[in-house]
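Enquirer: Take a look at this one; I'll ask things after.
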Amino acid sequence: MTFEIRARLDAHPLARTGVLATPHGEIATPAFVPVGTKATVKAVAPEAIADVGAQAVLANAYHLYLQPGSDIVDEAGGLGKFMNWPGPTFTDSGGFQVLSLGSGFKKVLSEEFSGSPHADGTVAPWKERLADVDDDGVWFRSHLDGSRHRFTPEVSMRIQHELGADVIFAFDELTTLLNSRAYQEEALERTRRWALRCLAAHRALTAEREGKPYQQLFGVVQGAQYEDLRRKAARDLGAMEADGQRFDGFGIGGALEKENLGTIVGWASQELPEDRARHLLGISEPDDFFAAVEAGADTFDCVNPSRVARNAAIYSPDGRFNLTRAQFRRDFNPLVPGCDCYTCTHYSRAYLHHLYKAKEMLFSTLATIHNEHFTVRLVDGIRAAIETGDYADFKEETLGRFYAGKWGRSAGEKQ
């Protein structure tokens with residue numbers, strides 16, 4: 001057993017705390033996993049990410065395949081040694097990036113995933129996405145130099161074995177909320193067949209690379225906004241075996257409408273095996289964490305805390321605020337009074353405001369440290385509140401303060 005459940009919530013039967021065991025340490029769940037896309041959390045040293053309390057980091061197979069090459073990471077001793085991170089590591093399959101970067105969807109991907117209308121108020125028509133994807137795999141072009149590449153389930157498994165992460169993900173086809181129902185069904189069946197191939201390739205590579213630490217393979221539940229497709233995908237993956245190899249855990253991914261996030265994650269969790277971990281890909285807002293934990297998610301990753309930090313957006317218990325405002329020029333308080341992160345214990349709002357205006361690189365480092373610290377500790381707080389029985393009060397206080405606080409938006413307003 002690699003995942004052990006420790007505590008549950010009576011009011012939310014799917015919510016739980018647990019421990020995910022890996023060769024490089026245990027992860028107490030729920031847990032937020034910072035994203036180090038190219039084997040680095042942008043602008044921040046791995047030692048600083050450890051200092052904020054992160055238990056694991058996640059890197060990206062697509063990016064590391066293109067640069068420097070998964071063979072080089074393998075030669076270095078795997079992702080952890082390559083980036084000097086001693087703890088657990090995750091790598092995603094590259095499927096998201098093949099769509100967003102390799103298939104020309106980059107400019108409209110976020111719009112499609114949110115289901116939001118265009119700036120002029122119109123909504124894009126439903127459409128098929130047939131180019132580049134076939135039953136065997138995906139052709140795509142590198143966003144670096146335009147060179148053509150092909151990913152298949154077997155290629156993704158080979159890359160991720162060379163990267164050597166403790167948790168890896170099956171190769172899946174990512175769809176958007178604007179793909180038609182018919183295409184969602186077609187893509188889901190393709191993903192199911194790819195999952196079987198990932199299991200077989202994972203078993204073979206594990207045997208071939210004897211002596212390497214075992215890597216846990218997570219299957220990815222797709223199905224967009226459709227309950228029957230999400231439930232079917234979860235049942236299929238939960239029962240799936242190939243020559244005795246089964247999935248060690250599960251990722252819940254794809255297009256998720258924010259307002260239905262908890263409902264959709266709950267559909268999957270109700271169908272997935274209880275004894276294996278569930279990772280929700282790509283969330284980082286406080287209300288999303290609570291909804292996802294209540295729906296049964298155990299771990300999370302997202303680039304958002306570091307991405308918005310580089311644009312001067314700072315998380316605080318009273319909401320997110322923009323440090324570029326003139327009011328901070330002479331504000332010598334910490335970013336968040338009482339915060340014990342490195343940035344808040346050493347530097348002032350005025351200094352960081354100056355760094356940003358002066359375009360100094362140090363700004364990104366210090367702001368990212370704070371935002372990652374805030375996010376990691378928030379999920380740590382959720383875990384502790386479940387275990388102490390204080391979850392309802394912790395949720396009410398945290399969300400009430402964040403969305404209606406000094407810096408926050410009114411409660412319930414969309415991000």
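Chain labels A, B, ... are given in the sequence in which chains occur in the structure tokens; within each chain residues are numbered consecutively from 1, and ligands are likewise numbered from 1 in the order shown.
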Give me, as a PyMOL selection string, all polymer residues having an atom no more than 10 Å from Ile159 in chain A, counting only C-alpha atoms and skipping those fewer than 4 positions away in the same chain.

Expert: chain A and resi 61-62+64-65+69-71+73-74+91+93-94+151+154-155+163-164

Enquirer: Can you list, as JSON, numbers by chain, every residue of range 105-316 of chain A that DSSP puts in strand (DSSP E or B)?

Expert: {"A": [127, 133, 138, 139, 140, 141, 148, 149, 150, 151, 167, 168, 169, 179, 216, 217, 218, 219, 220, 221, 241, 242, 245, 246, 249, 250, 251, 252, 277, 278, 279, 280, 281, 299, 300, 301, 302, 313, 314, 315, 316]}

Enquirer: Measuring atom to atom with only C-alpha atoms, identify which of A:Gly254, A:Gly338, A:Gly244, A:Pro13 is nearest to Gln225 in chain A.

Expert: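 Of A:Gly254, A:Gly338, A:Gly244, A:Pro13, the one nearest Gln225 in chain A is A:Gly254, counting only C-alpha atoms.
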
Enquirer: Closest to Thr40 in chain A among A:Val303, A:Ile27, A:Val293, A:Leu9, using only C-alpha atoms?

Expert: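 Result for the nearest residue to Thr40 in chain A: A:Val303.
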
Enquirer: Which of these residues is nearest to Gly18 in chain A, using only C-alpha atoms: A:Arg150, A:His161, A:Arg383, A:Lys359?

Expert: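 For Gly18 in chain A, the nearest of the candidates is A:Arg383.
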
Enquirer: I'd like the interatomic distance between CA of Val379 in chain A and CA of Pro273 in chain A, to a tenth of an Å.

Expert: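 Straight-line distance from CA of Val379 in chain A to CA of Pro273 in chain A works out to 23.0 Å.
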
Enquirer: Between A:Ala21, A:Phe332, A:Arg310, A:Glu372, which one has atoms that come closest to Thr345 in chain A, using only C-alpha atoms?

Expert: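 Among the listed residues, the smallest separation from Thr345 in chain A belongs to A:Phe332.
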
Enquirer: Between CA of Leu280 in chain A and CA of Val265 in chain A, what distance in Å does the model show, to one decimal?

Expert: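 Separating CA of Leu280 in chain A from CA of Val265 in chain A is a distance of 8.1 Å.
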
Enquirer: Which of these residues is nearest to Val41 in chain A, using only C-alpha atoms: A:Ile369, A:Thr398, A:Ile382, A:Glu274?

Expert: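 Ranked by minimum distance to Val41 in chain A, first place goes to A:Ile369.
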
Enquirer: For a test of reading the model, state the distance in Å between CA of Asp228 in chain A and CA of Asn260 in chain A, rounded to one decimal.

Expert: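 The value is 14.8 Å.
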
Enquirer: List the neighbours of Cys339 in chain A out to 10 Å using only C-alpha atoms; skip same-chain residues closer than 4 positions along the sequence, and give me the result as a PyMOL selection string.

Expert: chain A and resi 316-317+334-335+343-345+370+373-374

Enquirer: Just checking: using only C-alpha atoms, which residue out of A:Tyr315, A:Trp139, A:Tyr391, A:Trp267 ends up closest to Thr17 in chain A?

Expert: A:Tyr391

Enquirer: May I have the residues within 12 Å of Ala7 in chain A as a list in words, using only C-alpha atoms and disregarding those fewer than 6 positions away in the same chain?

Expert: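 Final neighbour list, sorted by chain and number: Pro13, Leu14, Ala15, Arg16, Thr17, Gly18, Val19, Ala28, Thr29, Pro30, Arg383, Ala384, Ala385, Ile386, Glu387, Thr388, Gly389 and Tyr391 of chain A.
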
Enquirer: So which residues touch Thr175 in chain A within 8 Å, counting only C-alpha atoms, skipping near sequence neighbours fewer than 6 positions away, as a VMD selection string?

Expert: chain A and resid 184 187 224 254 to 255

Enquirer: Write the residues you've just listed into a file as a CSV table (one decimal), in the first residue's frame, and include N, CA and C atoms for each of them.

Expert:
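The new file again.csv reads:
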chain,number,residue,atom,x,y,z
A,184,GLN,N,-16.0,14.5,-27.3
A,184,GLN,CA,-15.7,14.1,-26.0
A,184,GLN,C,-15.7,12.6,-25.8
A,187,ALA,N,-12.7,11.1,-27.7
A,187,ALA,CA,-11.5,11.3,-27.0
A,187,ALA,C,-11.4,10.5,-25.8
A,224,ALA,N,-14.7,16.1,-19.3
A,224,ALA,CA,-15.2,17.5,-19.3
A,224,ALA,C,-16.3,17.6,-18.3
A,254,GLY,N,-8.4,17.9,-17.1
A,254,GLY,CA,-9.3,18.3,-18.2
A,254,GLY,C,-10.0,19.6,-17.9
A,255,ALA,N,-11.0,19.9,-18.7
A,255,ALA,CA,-11.8,21.1,-18.6
A,255,ALA,C,-12.7,21.0,-17.4

Enquirer: So which bits of range 42-211 of chain A end up helix (DSSP H, G or I) when you DSSP the backbone, as a PyMOL selection string?

Expert: chain A and resi 46-51+61-66+70-75+79-82+95-100+109-114+153-163+181-208

Enquirer: Write out, as a compact mmCIF listing (two decimals), in the first residue's frame, the residues just selected, with C-alpha atoms.

Expert:
# COMPACT_ATOMS: atom_id res chain seq x y z
CA PRO A 46 14.67 24.45 -4.53
CA GLU A 47 15.99 25.08 -1.03
CA ALA A 48 13.61 28.04 -0.70
CA ILE A 49 10.69 25.90 -1.86
CA ALA A 50 11.57 23.41 0.87
CA ASP A 51 11.66 26.26 3.38
CA ALA A 61 7.53 15.97 -19.30
CA TYR A 62 6.90 18.00 -22.48
CA HIS A 63 9.28 20.80 -21.53
CA LEU A 64 12.04 18.56 -20.16
CA TYR A 65 11.81 16.31 -23.22
CA LEU A 66 12.45 19.30 -25.46
CA SER A 70 14.97 13.35 -20.64
CA ASP A 71 18.10 11.29 -21.35
CA ILE A 72 20.25 14.01 -19.76
CA VAL A 73 18.02 14.11 -16.67
CA ASP A 74 18.28 10.32 -16.49
CA GLU A 75 22.07 10.49 -16.72
CA LEU A 79 14.71 14.79 -11.67
CA GLY A 80 15.35 15.14 -7.93
CA LYS A 81 19.11 14.92 -8.20
CA PHE A 82 19.19 17.04 -11.35
CA GLY A 95 -0.66 15.93 -22.77
CA PHE A 96 -1.73 19.42 -21.68
CA GLN A 97 1.28 21.08 -23.31
CA VAL A 98 0.88 19.09 -26.52
CA LEU A 99 -2.54 20.73 -26.84
CA SER A 100 -1.79 24.21 -25.53
CA LEU A 109 -6.92 27.75 -24.25
CA SER A 110 -7.75 29.61 -21.04
CA GLU A 111 -10.87 31.07 -22.65
CA GLU A 112 -12.00 27.64 -23.77
CA PHE A 113 -11.33 26.08 -20.39
CA SER A 114 -13.29 28.75 -18.55
CA PRO A 153 1.58 6.50 -24.62
CA GLU A 154 4.81 4.52 -24.92
CA VAL A 155 6.90 7.62 -25.64
CA SER A 156 5.40 9.50 -22.68
CA MET A 157 6.11 6.55 -20.38
CA ARG A 158 9.68 6.28 -21.63
CA ILE A 159 10.28 10.01 -21.07
CA GLN A 160 8.79 9.93 -17.57
CA HIS A 161 10.79 6.85 -16.61
CA GLU A 162 13.94 8.66 -17.70
CA LEU A 163 12.91 11.72 -15.70
CA ARG A 181 -20.26 15.83 -26.94
CA ALA A 182 -19.50 13.43 -29.80
CA TYR A 183 -15.84 14.41 -29.76
CA GLN A 184 -15.67 14.14 -25.97
CA GLU A 185 -16.88 10.54 -26.25
CA GLU A 186 -14.35 9.76 -28.99
CA ALA A 187 -11.48 11.32 -27.03
CA LEU A 188 -12.47 9.52 -23.83
CA GLU A 189 -12.39 6.14 -25.55
CA ARG A 190 -9.03 7.02 -27.08
CA THR A 191 -7.74 7.98 -23.62
CA ARG A 192 -9.02 4.66 -22.21
CA ARG A 193 -7.08 2.69 -24.81
CA TRP A 194 -4.00 4.86 -24.23
CA ALA A 195 -4.29 4.16 -20.49
CA LEU A 196 -4.05 0.42 -21.13
CA ARG A 197 -0.97 0.98 -23.25
CA CYS A 198 0.55 3.17 -20.50
CA LEU A 199 0.06 0.39 -17.96
CA ALA A 200 1.74 -2.16 -20.24
CA ALA A 201 4.63 0.19 -21.08
CA HIS A 202 5.07 1.12 -17.40
CA ARG A 203 5.29 -2.54 -16.40
CA ALA A 204 7.85 -3.26 -19.12
CA LEU A 205 9.98 -0.20 -18.33
CA THR A 206 9.92 -0.97 -14.61
CA ALA A 207 11.30 -4.44 -15.34
CA GLU A 208 13.81 -3.08 -17.86
